[in-house]
Structure formats: C-alpha cells, structure tokens
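Data from protein24.txt: compact mmCIF, C-alpha atoms
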# COMPACT_ATOMS: atom_id res chain seq x y z
CA MET A 1 28.76 17.37 -21.81
CA SER A 2 25.08 17.34 -22.63
CA ALA A 3 22.72 20.23 -22.03
CA GLU A 4 21.13 18.25 -19.20
CA GLU A 5 24.41 17.91 -17.35
CA THR A 6 25.14 21.62 -17.47
CA THR A 7 21.80 22.31 -15.76
CA ARG A 8 22.57 19.90 -12.92
CA LYS A 9 22.31 21.61 -9.56
CA GLY A 10 21.58 19.20 -6.72
CA LYS A 11 22.52 15.58 -6.10
CA GLY A 12 19.46 14.31 -7.88
CA THR A 13 16.30 15.21 -9.68
CA VAL A 14 12.65 14.26 -10.04
CA PHE A 15 10.66 13.11 -13.03
CA VAL A 16 6.98 13.99 -13.26
CA ARG A 17 4.29 12.52 -15.47
CA MET A 18 2.16 15.61 -15.14
CA GLU A 19 -0.80 14.26 -17.09
CA VAL A 20 -1.61 11.68 -14.36
CA CYS A 21 -0.97 13.98 -11.38
CA LYS A 22 -4.02 14.86 -9.27
CA GLY A 23 -2.42 17.61 -7.24
CA CYS A 24 -2.75 15.97 -3.81
CA SER A 25 0.45 17.77 -2.65
CA TYR A 26 1.86 14.73 -0.77
CA CYS A 27 5.21 15.09 -2.54
CA ILE A 28 5.33 18.85 -1.97
CA ASP A 29 4.45 18.72 1.73
CA PHE A 30 6.59 15.72 2.67
CA CYS A 31 9.72 16.49 0.62
CA PRO A 32 12.52 16.39 3.24
CA THR A 33 14.29 19.37 1.67
CA HIS A 34 11.18 21.26 0.47
CA ALA A 35 12.47 21.37 -3.07
CA LEU A 36 9.09 21.02 -4.81
CA ASP A 37 6.34 23.56 -5.49
CA PHE A 38 3.03 23.56 -7.28
CA SER A 39 3.25 24.62 -10.90
CA LYS A 40 1.52 27.71 -12.20
CA GLU A 41 0.28 25.71 -15.19
CA PHE A 42 -2.60 23.26 -15.18
CA ASN A 43 -2.44 19.75 -16.57
CA GLN A 44 -5.15 18.49 -18.93
CA LYS A 45 -7.42 17.51 -16.01
CA GLY A 46 -7.09 20.94 -14.40
CA TYR A 47 -4.70 20.10 -11.55
CA HIS A 48 -1.50 21.86 -10.60
CA PHE A 49 1.37 19.37 -10.74
CA PRO A 50 4.68 19.56 -8.81
CA VAL A 51 7.75 21.25 -10.25
CA LEU A 52 11.31 21.21 -8.95
CA ASN A 53 11.76 24.90 -8.15
CA ARG A 54 14.80 24.47 -5.88
CA ALA A 55 16.78 21.95 -7.87
CA GLU A 56 19.92 22.58 -5.80
CA ASP A 57 18.13 21.12 -2.74
CA CYS A 58 16.99 17.88 -4.38
CA THR A 59 18.90 14.84 -3.15
CA GLY A 60 17.09 12.33 -5.35
CA CYS A 61 15.97 10.35 -2.29
CA ASP A 62 12.79 9.15 -4.05
CA LEU A 63 10.55 9.76 -1.02
CA CYS A 64 8.19 11.67 -3.35
CA GLY A 65 8.07 8.56 -5.52
CA LEU A 66 7.10 6.43 -2.54
CA PHE A 67 4.41 8.85 -1.42
CA CYS A 68 2.79 9.49 -4.80
CA PRO A 69 -0.66 7.83 -4.90
CA ASP A 70 -0.91 8.36 -8.65
CA PHE A 71 2.51 6.98 -9.64
CA ALA A 72 3.22 10.36 -11.25
CA ILE A 73 6.56 11.36 -9.71
CA PHE A 74 9.82 9.67 -8.79
CA GLY A 75 13.25 10.85 -7.85
CA ALA A 76 16.68 9.58 -8.83
CA ARG A 77 20.26 10.42 -7.96
CA TRP A 78 22.49 11.70 -10.76
CA LYS A 79 25.06 9.10 -9.69
CA ASP A 80 22.61 6.24 -10.27
CA LEU A 81 21.36 7.75 -13.51
CA ASP A 82 24.90 7.99 -14.86
CA GLU A 83 25.59 4.37 -13.90
CA LYS A 84 22.41 3.26 -15.63
CA ARG A 85 23.24 5.29 -18.71
CA GLN A 86 26.72 3.80 -18.88
CA LYS A 87 25.35 0.28 -18.60
CA THR A 88 22.86 0.81 -21.39
CA ALA A 89 25.39 2.67 -23.53
CA THR A 90 28.16 0.05 -23.31
CA PRO A 91 26.79 -2.46 -25.87
CA VAL A 92 26.26 0.29 -28.44
CA GLU A 93 29.73 1.85 -28.27
CA PRO A 94 32.00 -0.84 -29.77
CA MET B 1 4.87 27.91 -21.42
CA SER B 2 7.37 28.52 -18.68
CA GLU B 3 10.92 27.29 -18.46
CA SER B 4 10.11 24.73 -15.76
CA LEU B 5 7.47 23.11 -17.93
CA ASP B 6 9.89 22.84 -20.84
CA LEU B 7 12.43 21.15 -18.58
CA HIS B 8 9.85 18.63 -17.46
CA LEU B 9 8.79 17.90 -21.01
CA ALA B 10 12.42 17.28 -21.84
CA LEU B 11 12.79 14.92 -18.89
CA ALA B 12 9.64 13.06 -19.84
CA GLU B 13 11.17 12.25 -23.19
CA THR B 14 14.09 10.42 -21.62
CA GLU B 15 13.72 6.68 -21.45
CA LEU B 16 13.54 6.50 -17.70
CA GLU B 17 10.29 5.31 -16.28
CA ASN B 18 8.79 5.21 -12.83
CA PRO B 19 9.99 2.01 -11.07
CA VAL B 20 6.39 1.15 -10.14
CA LEU B 21 4.98 1.25 -13.69
CA PRO B 22 5.86 -2.36 -14.65
CA TYR B 23 3.57 -3.54 -11.83
CA LEU B 24 0.55 -1.63 -13.10
CA ARG B 25 -1.92 -2.26 -15.88
CA GLN B 26 -1.14 0.85 -17.86
CA ASP B 27 -4.40 0.85 -19.79
CA ARG B 28 -6.31 1.33 -16.53
CA ILE B 29 -4.20 4.22 -15.18
CA PRO B 30 -5.05 6.94 -14.07
CA HIS B 31 -7.02 5.18 -11.36
CA ILE B 32 -10.34 6.34 -9.91
CA TRP B 33 -9.08 7.07 -6.39
CA CYS B 34 -9.71 10.66 -5.27
CA PRO B 35 -6.92 13.25 -5.05
CA GLY B 36 -5.45 12.87 -1.56
CA CYS B 37 -6.57 9.27 -1.07
CA GLY B 38 -3.91 7.09 0.52
CA ILE B 39 -4.76 3.82 -1.20
CA GLY B 40 -2.50 4.70 -4.13
CA THR B 41 0.38 5.29 -1.70
CA SER B 42 -0.15 1.88 -0.12
CA VAL B 43 -0.18 0.25 -3.58
CA ASN B 44 3.02 2.14 -4.38
CA CYS B 45 4.63 0.70 -1.23
CA PHE B 46 3.36 -2.77 -2.11
CA CYS B 47 4.94 -2.60 -5.58
CA ARG B 48 8.26 -1.59 -4.06
CA ALA B 49 7.95 -4.37 -1.50
CA LEU B 50 7.46 -6.84 -4.36
CA THR B 51 10.63 -5.52 -6.00
CA ASP B 52 12.60 -5.82 -2.77
CA SER B 53 11.23 -9.23 -1.78
CA GLY B 54 12.69 -10.83 -4.92
CA LEU B 55 9.64 -13.07 -5.38
CA ASP B 56 8.79 -14.61 -8.72
CA LEU B 57 5.89 -12.47 -9.88
CA ASP B 58 4.29 -15.42 -11.66
CA LYS B 59 3.86 -16.99 -8.23
CA VAL B 60 2.16 -14.00 -6.62
CA ALA B 61 -1.62 -13.73 -6.80
CA ILE B 62 -3.66 -10.85 -5.51
CA VAL B 63 -7.30 -11.05 -4.44
CA SER B 64 -9.54 -8.12 -3.64
CA GLY B 65 -13.07 -7.70 -2.42
CA ILE B 66 -15.41 -4.82 -3.14
CA GLY B 67 -14.78 -1.19 -2.34
CA CYS B 68 -12.31 1.53 -3.16
CA THR B 69 -9.39 -0.64 -2.02
CA GLY B 70 -10.95 -3.60 -3.82
CA ARG B 71 -10.03 -1.98 -7.10
CA THR B 72 -6.35 -2.67 -6.42
CA ALA B 73 -6.60 -6.10 -8.02
CA GLY B 74 -7.72 -4.47 -11.24
CA TYR B 75 -4.78 -2.09 -11.34
CA LEU B 76 -1.92 -4.45 -10.51
CA ASN B 77 -0.35 -6.35 -13.36
CA LEU B 78 -0.24 -9.66 -11.45
CA ASP B 79 -2.54 -12.66 -11.39
CA SER B 80 -5.48 -10.94 -9.79
CA PHE B 81 -9.09 -11.55 -8.97
CA HIS B 82 -11.82 -9.12 -7.94
CA THR B 83 -14.23 -11.16 -5.85
CA THR B 84 -17.73 -10.55 -4.51
CA HIS B 85 -18.25 -8.41 -1.43
CA GLY B 86 -16.47 -9.77 1.62
CA ARG B 87 -15.44 -13.06 0.03
CA ALA B 88 -11.84 -12.20 -0.79
CA ILE B 89 -10.46 -14.43 2.00
CA PRO B 90 -12.50 -17.56 1.10
CA PHE B 91 -11.44 -17.14 -2.53
CA ALA B 92 -7.81 -16.70 -1.48
CA THR B 93 -8.07 -19.79 0.73
CA GLY B 94 -9.24 -21.83 -2.24
CA LEU B 95 -6.53 -20.37 -4.43
CA LYS B 96 -3.83 -21.19 -1.88
CA LEU B 97 -5.04 -24.76 -1.30
CA GLY B 98 -5.56 -25.36 -5.01
CA ASN B 99 -2.02 -24.27 -5.80
CA PRO B 100 0.14 -24.23 -2.63
CA ASP B 101 3.09 -22.78 -4.56
CA LEU B 102 1.36 -19.43 -4.90
CA ASN B 103 1.99 -16.52 -2.58
CA VAL B 104 -1.56 -15.23 -2.13
CA VAL B 105 -2.19 -11.64 -1.07
CA VAL B 106 -5.60 -10.32 -0.05
CA TYR B 107 -5.72 -6.56 -0.58
CA SER B 108 -8.95 -5.06 0.60
CA GLY B 109 -10.61 -2.43 2.73
CA ASP B 110 -11.91 -2.42 6.29
CA GLY B 111 -15.57 -2.56 5.27
CA ASP B 112 -14.99 -5.55 3.06
CA LEU B 113 -12.71 -7.53 5.37
CA PHE B 114 -14.30 -6.78 8.73
CA ALA B 115 -17.96 -6.00 8.10
CA ILE B 116 -19.37 -8.43 5.57
CA GLY B 117 -16.24 -10.55 5.51
CA GLY B 118 -15.54 -10.52 9.24
CA ASN B 119 -16.37 -14.14 9.85
CA HIS B 120 -14.08 -15.28 7.05
CA PHE B 121 -11.24 -13.25 8.50
CA PHE B 122 -11.58 -14.81 11.95
CA HIS B 123 -11.62 -18.35 10.66
CA ALA B 124 -8.80 -17.92 8.17
CA ALA B 125 -6.69 -16.51 11.03
CA ARG B 126 -7.79 -19.30 13.38
CA ARG B 127 -6.82 -21.96 10.83
CA ASN B 128 -3.60 -20.09 10.06
CA MET B 129 -4.23 -20.13 6.34
CA ASP B 130 -1.04 -19.19 4.51
CA ILE B 131 -2.13 -15.81 3.10
CA LEU B 132 -1.10 -12.18 3.54
CA VAL B 133 -3.99 -9.84 4.31
CA ILE B 134 -3.43 -6.13 3.73
CA CYS B 135 -6.31 -4.05 5.06
CA VAL B 136 -6.46 -0.39 4.06
CA ASN B 137 -8.43 1.21 6.87
CA ASN B 138 -10.05 4.54 6.04
CA PHE B 139 -12.69 4.39 8.81
CA THR B 140 -15.66 4.55 6.45
CA TYR B 141 -17.42 2.94 3.52
CA GLY B 142 -15.87 5.07 0.81
CA MET B 143 -17.38 3.77 -2.37
CA THR B 144 -21.00 3.62 -1.18
CA GLY B 145 -21.15 7.13 0.26
CA GLY B 146 -19.63 7.37 3.72
CA GLN B 147 -21.72 5.11 5.93
CA VAL B 148 -20.57 4.00 9.39
CA ALA B 149 -18.07 1.14 9.14
CA PRO B 150 -17.05 -1.29 11.90
CA THR B 151 -13.83 0.70 12.26
CA THR B 152 -15.37 4.19 12.54
CA PRO B 153 -14.24 5.61 15.90
CA VAL B 154 -16.70 7.10 18.38
CA GLY B 155 -17.41 10.74 17.53
CA PRO B 156 -17.26 11.56 13.81
CA THR B 157 -20.32 12.32 11.73
CA GLN B 158 -21.16 9.89 8.95
CA THR B 159 -23.99 9.60 6.43
CA THR B 160 -25.84 7.08 8.56
CA MET B 161 -24.86 8.79 11.86
CA PRO B 162 -25.61 12.48 11.22
CA LEU B 163 -25.23 13.34 14.91
CA GLY B 164 -21.97 11.48 15.34
CA ASN B 165 -21.10 7.83 15.73
CA PHE B 166 -21.62 6.18 19.14
CA GLU B 167 -20.74 2.58 18.28
CA SER B 168 -17.46 1.16 19.52
CA PRO B 169 -15.03 0.35 16.69
CA PHE B 170 -13.02 -2.79 16.09
CA ASN B 171 -9.38 -2.88 17.08
CA LEU B 172 -8.07 -4.70 14.03
CA PRO B 173 -4.59 -5.81 15.21
CA PHE B 174 -6.16 -7.13 18.43
CA ILE B 175 -8.63 -9.25 16.45
CA ALA B 176 -5.87 -10.62 14.24
CA ASP B 177 -3.67 -11.33 17.26
CA ALA B 178 -6.45 -13.01 19.23
CA CYS B 179 -7.42 -15.18 16.26
CA GLY B 180 -3.86 -16.40 15.94
CA ALA B 181 -2.23 -14.48 13.10
CA THR B 182 1.52 -15.02 12.80
CA TYR B 183 2.40 -11.47 11.79
CA VAL B 184 0.49 -8.34 12.79
CA SER B 185 1.53 -4.77 12.14
CA ARG B 186 -0.06 -1.39 11.67
CA TRP B 187 1.34 1.53 9.70
CA THR B 188 -0.12 4.70 8.27
CA VAL B 189 0.41 6.03 4.76
CA TYR B 190 2.81 8.56 6.26
CA HIS B 191 5.21 5.72 7.19
CA VAL B 192 5.94 4.73 3.62
CA ARG B 193 9.40 3.27 4.11
CA GLN B 194 8.36 1.25 7.16
CA LEU B 195 5.23 0.09 5.36
CA ALA B 196 7.21 -1.12 2.34
CA LYS B 197 9.61 -2.90 4.69
CA ALA B 198 6.76 -4.52 6.64
CA MET B 199 5.12 -5.70 3.42
CA LYS B 200 8.40 -7.16 2.24
CA GLU B 201 8.89 -8.93 5.57
CA ALA B 202 5.34 -10.27 5.52
CA LEU B 203 5.60 -11.45 1.91
CA ASN B 204 8.53 -13.66 2.86
CA LYS B 205 6.85 -15.11 5.95
CA LYS B 206 4.52 -18.09 6.36
CA GLY B 207 1.12 -18.30 7.96
CA PHE B 208 -1.69 -15.81 8.28
CA ARG B 209 -0.13 -12.36 8.11
CA PHE B 210 -2.04 -9.14 8.68
CA ILE B 211 -1.03 -5.54 7.95
CA GLU B 212 -3.33 -2.64 8.73
CA VAL B 213 -2.67 0.51 6.72
CA MET B 214 -4.34 3.68 7.93
CA SER B 215 -5.32 5.88 5.04
CA PRO B 216 -7.22 9.16 4.72
CA CYS B 217 -10.57 9.39 2.94
CA PRO B 218 -10.61 13.06 1.92
CA THR B 219 -13.91 13.01 0.05
CA LEU B 220 -16.16 11.43 2.67
CA TYR B 221 -14.63 10.97 6.12
CA SER B 222 -12.43 14.08 6.25
CA ARG B 223 -14.72 16.48 4.40
CA ARG B 224 -17.81 15.51 6.38
CA ASN B 225 -15.94 16.03 9.66
CA ARG B 226 -14.09 19.16 8.48
CA LEU B 227 -10.70 17.54 8.94
CA GLY B 228 -9.22 19.16 5.85
CA ASP B 229 -7.76 17.51 2.79
CA GLY B 230 -6.00 14.17 2.45
CA VAL B 231 -2.66 15.76 3.10
CA ASP B 232 -3.93 17.29 6.37
CA GLN B 233 -4.88 13.82 7.60
CA VAL B 234 -1.43 12.51 6.71
CA LYS B 235 0.08 15.42 8.66
CA TYR B 236 -2.06 14.35 11.61
CA TYR B 237 -0.66 10.82 11.24
CA LYS B 238 2.82 12.31 11.21
CA GLU B 239 2.29 14.34 14.38
CA ASN B 240 0.26 11.85 16.43
CA SER B 241 1.74 8.47 15.66
CA VAL B 242 4.02 6.67 18.08
CA ILE B 243 6.11 3.69 17.01
CA LYS B 244 5.85 0.91 19.60
CA ASN B 245 7.10 -2.37 18.24
CA GLY B 246 5.86 -5.33 20.21
CA ALA B 247 3.12 -3.34 21.98
CA ASP B 248 0.26 -5.27 23.55
CA THR B 249 -2.42 -5.28 20.87
CA LYS B 250 -5.27 -4.77 23.31
CA ASP B 251 -3.99 -1.31 24.25
CA ILE B 252 -3.73 0.08 20.73
CA GLY B 253 -7.33 0.84 19.82
CA LEU B 254 -7.90 3.96 17.76
CA GLY B 255 -9.84 6.98 19.01
CA TYR B 256 -11.18 9.89 17.00
CA GLN B 257 -8.16 12.01 16.02
CA GLY B 258 -6.29 10.55 18.99
CA GLU B 259 -2.89 8.96 19.35
CA ILE B 260 -1.98 6.26 16.84
CA VAL B 261 0.27 3.42 17.92
CA VAL B 262 2.07 1.95 14.93
CA GLY B 263 4.64 -0.79 14.59
CA LYS B 264 5.07 -4.51 14.36
CA PHE B 265 3.08 -6.10 17.17
CA VAL B 266 3.17 -9.84 16.59
CA ASP B 267 5.75 -12.03 14.86
CA ARG B 268 5.49 -15.69 15.78
CA GLU B 269 5.68 -19.13 14.24
CA ARG B 270 2.72 -21.49 14.02
CA ALA B 271 2.00 -24.49 11.81
CA THR B 272 -0.12 -23.46 8.83
CA TRP B 273 -3.38 -25.23 7.98
CA LEU B 274 -1.74 -27.28 5.24
CA GLU B 275 1.14 -28.34 7.48
CA SER B 276 -1.24 -29.29 10.29
CA MET B 277 -3.39 -31.31 7.89
CA ASN B 278 -0.43 -33.16 6.44
CA ASP B 279 0.92 -33.81 9.91
CA HIS B 280 -2.35 -35.08 11.26
CA PHE B 281 -3.21 -37.38 8.38
CA SER B 282 0.33 -38.73 8.23
CA LYS B 283 -0.02 -39.69 11.89
CA VAL B 284 -3.49 -41.21 11.52
CA LEU B 285 -3.17 -42.91 8.16
CA GLY B 286 0.55 -43.61 8.04
CA ASP B 287 1.93 -44.59 4.64
CA GLN B 288 -1.50 -44.56 3.03
CA PHE B 289 -1.44 -40.76 3.02
CA LYS B 290 0.63 -38.76 0.59
CA PRO B 291 1.30 -35.27 1.91
CA TYR B 292 -0.24 -32.56 -0.23
CA GLY B 293 1.37 -29.36 -1.37
CA GLY B 294 5.12 -29.08 -1.15
CA LYS B 295 7.20 -30.66 1.53
CA PRO B 296 5.66 -31.52 4.89
CA GLU B 297 7.34 -30.16 7.99
CA GLY B 298 10.59 -31.82 8.95
CA VAL B 299 11.34 -33.38 5.55
Is it possible to give me this structure as structure tokens?
Amino acid sequence: MSAEETTRKGKGTVFVRMEVCKGCSYCIDFCPTHALDFSKEFNQKGYHFPVLNRAEDCTGCDLCGLFCPDFAIFGARWKDLDEKRQKTATPVEP
Amino acid sequence: MSESLDLHLALAETELENPVLPYLRQDRIPHIWCPGCGIGTSVNCFCRALTDSGLDLDKVAIVSGIGCTGRTAGYLNLDSFHTTHGRAIPFATGLKLGNPDLNVVVYSGDGDLFAIGGNHFFHAARRNMDILVICVNNFTYGMTGGQVAPTTPVGPTQTTMPLGNFESPFNLPFIADACGATYVSRWTVYHVRQLAKAMKEALNKKGFRFIEVMSPCPTLYSRRNRLGDGVDQVKYYKENSVIKNGADTKDIGLGYQGEIVVGKFVDRERATWLESMNDHFSKVLGDQFKPYGGKPEGV
C-alpha cells in the first residue's frame, strides 16, 4: 500500500494547479460538502488557492472542476483513479 | 511550508491532468479574465460538452468576435478564428457554407453579438444558418471599460450612464425565438451541469442554435454597482433563478437583480439554409442542379 493510499479519507480527492489559481472562491463556496478552504500560503501571483482541509468529506464529484474558471482544480473518485491506474499499469506488469 | 501544501505538491507530481487541459492552448494559459469572471466557467462547460458530445474535434471550428468573451477562440485548441468586431456570425456563415461538414460554433459576448453584430444575428437566425451561437452575457462592455450595452438592465450605473441606465434592454432568447432559431436556452454560470448538458444537446442539433450564458463581471458591472465580488453574483444567480423549461420567451426579460428564468425555451425543427437552397434549386432546375454540401433532405 502506497503512502497516498494510507492517507485516503473520503471517497475522492481534488487536484489543484495552484500556480494558475486566481482565488475567485467558486470551488470553495459551491462545494456541496464544504470540504475546501482557502490556503494560508500565497501562490506566485499572490492569491490564496484552495486546499482540501476536510478530506473525509470530499466525494470526488468534480463540481469544483466544472466551476473553476481558471482550469486550476478538478476532483476525482478514488474508485476511478484506481481503475485508471490499473489500466495504465497492466501493459507494464508482464 | 505546511503539510497541506506538501500534499498538494505531491499530488501535482502524479500524472493525472485536468480533463479540460487537452482542449486549451497551454502556452496561452493563464488567461486574462479577471478573478471571479464567469467566462472561464462557461469555457470549462463547453470543453466538457465537447467531450460528452463525441464529435470529431477536427470537424469543430470556433469563431469569436471582439471582447472579453471573444478571447475564447484564442484559448481553445480547436480550429479557431478571432474576427473583427461584430462579424463573428458572417465569418461563421462563410465557414459553414465553404465546408458544410464543419460544426461551427460562434462564441462571443453580448456587446459583440447584439450591439455591433445585431443585424448579422437576426439574419443568420432568419435564414436558419447551421451554426451554434453561445452568447456570454455580462450586461456590460467589459473590455472597453464598462459602458452601457444593449443588455444592461434599467437601473445600474455604468461608465456612460453615471446616474443609472434608463434604456430598455434586449431580451435575447425572445429575439432568437422571434427570428426563428431552432434551439434557444438560457443558463447562468451557476448551472454548470445543465449548461454543459445544453451545450452538448445543441452541438448535436441542426439549424441556428442559441445559448445565452449569464456571467458576472466583477471588475466593472458588479464593482461599480456595489454588488460584491464575482462569487456574490453567482450566489445571486443561485438564489434568484427559476428553471422553467418551455417558458414563453416574451415573459423572460431580465430586470436589475430580479428573478432569472432559466431553461430550455425552444427546441424545434426547421430546414436549414443549405437544405432550403438545395430543395429550391432542385425543384426549379431539376437534374441540372447538383445539390451542394452533404446529402439533401430525403435522400
């Protein structure tokens, strides 16, 4: 089990490209489970980007990804990620 | 550096990438749209609609006019053209008739499509030209500094109306319906899933299709009228919008911070310009005429 899997809490997670985030807070305000918060850190342009503070609440529904005007965030379910990983890993294994 | 930042750095190193990124010209991102602007959200929905529609991306062309929304053509990694002010629809008409296999999308703002390009819009809809028009309506001229647009409702202050606007605005779905569009819907950037679905539906339909997307302009329209940030406007969309599919388009005009009627209003079938032309000339000229552009109706 990888280190990532041991830190799994909710049904899904989000991925953030913090360097392109402009801190509009769409994802934070419209997250159905309110799992996201602004970071304390700044990105290189001086904006606060979203962080997954309540990872156990994240369902990976990808609504944040649909809302993001800067294409900076998207969500994914662990189930789908595992399937994708298995598909890409299969040709390497034998 | 905190623990959360480390986790995100670790996630960024994984090979996963945002599903929208293949549709964008990466060298031009980050885009110039302001923080809180809804145009990026509408583009995001459009990219997902393209994924869902299953269209061949080599057969999709996107045409934009001038303005904030007009920059979309420059950011999307499709065949795209950034035309002169207001002339996106004439260019798209030429593109469609020159190569009828293309699925042509006009992606532009309210100032471009309905102020300087108004006449072109009416006649393309009247002729039922086979194009999809997506109009991002932010109620103002964003790029030039917040002047009164043909869609600005009565009431708000603008650069050219410092005491408040008194001119009646256009009701965009009503215009499109009256001119004969085959598909008319209106959504806001709060209704992302519905918007993506509507775009997908419209991409797979024939005829002149029109989608109005209401979007906040935090820098000019909202700030000048003290309406808060972009996200506050989207919250207003959330609280005040009513979904009425099939509503009569003449009753759905927009007031200043009033109720917003969203939904799919018109979905009908009509012969497109090319089909009508082929039909007509086949009748008049008989065998002398070879139908142009794909199969004529009924063959």
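What chain B places within 6 Å of chain A, counting all atoms listed in the file, is Pro30, Pro35, Gly36, Gly40 and Thr41 of chain B.
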Okay, now the selection with C-alpha atoms, as a PDB file, in the frame of the given file?
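Generated output (result.pdb):
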ATOM      1  CA  PRO B  30      -5.050   6.940 -14.070  1.00  0.00           C
ATOM      2  CA  PRO B  35      -6.920  13.250  -5.050  1.00  0.00           C
ATOM      3  CA  GLY B  36      -5.450  12.870  -1.560  1.00  0.00           C
ATOM      4  CA  GLY B  40      -2.500   4.700  -4.130  1.00  0.00           C
ATOM      5  CA  THR B  41       0.380   5.290  -1.700  1.00  0.00           C
TER       6      THR B  41
END
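Close contacts of segment 256-262 of chain B, defined as residues with an atom at most 7 Å away when counting all atoms listed in the file, with chain neighbours fewer than 5 positions off set aside, comprise Pro153, Val154, Gly155, Arg186, Trp187, Asn240, Ser241, Val242, Ile243 and Lys244 of chain B.
You will find atom CA of Ala176 of chain B at 25.4 Å from atom CA of Gly293 of chain B.
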| note | Computed gap from atom CA of Thr152 of chain B to atom CA of Phe139 of chain B is 4.6 Å
| said: Under the rule that all atoms listed in the file are counted, which of A:Arg77, A:His48, A:Lys87, A:His34 is the nearest residue to Asp62 of chain A? | reply: A:Arg77
| request: Name all residues at most 10 Å from segment 269-274 of chain B (count all atoms listed in the file; drop same-chain ones fewer than 6 positions away) and give them as a list in words. | output: Lys96, Leu97, Pro100, Ala124, Ala125, Arg126, Arg127, Asn128, Met129, Asp130, Ile131, Gly180, Ala181, Thr182, Tyr183, Lys205, Lys206, Gly207, Phe208, His280, Pro291, Tyr292, Gly293, Gly294, Pro296 and Glu297 of chain B
| request: Calculate how many Å separate atom CA of Thr249 of chain B from atom CA of Phe170 of chain B, rounding to one decimal. | output: 11.9 Å
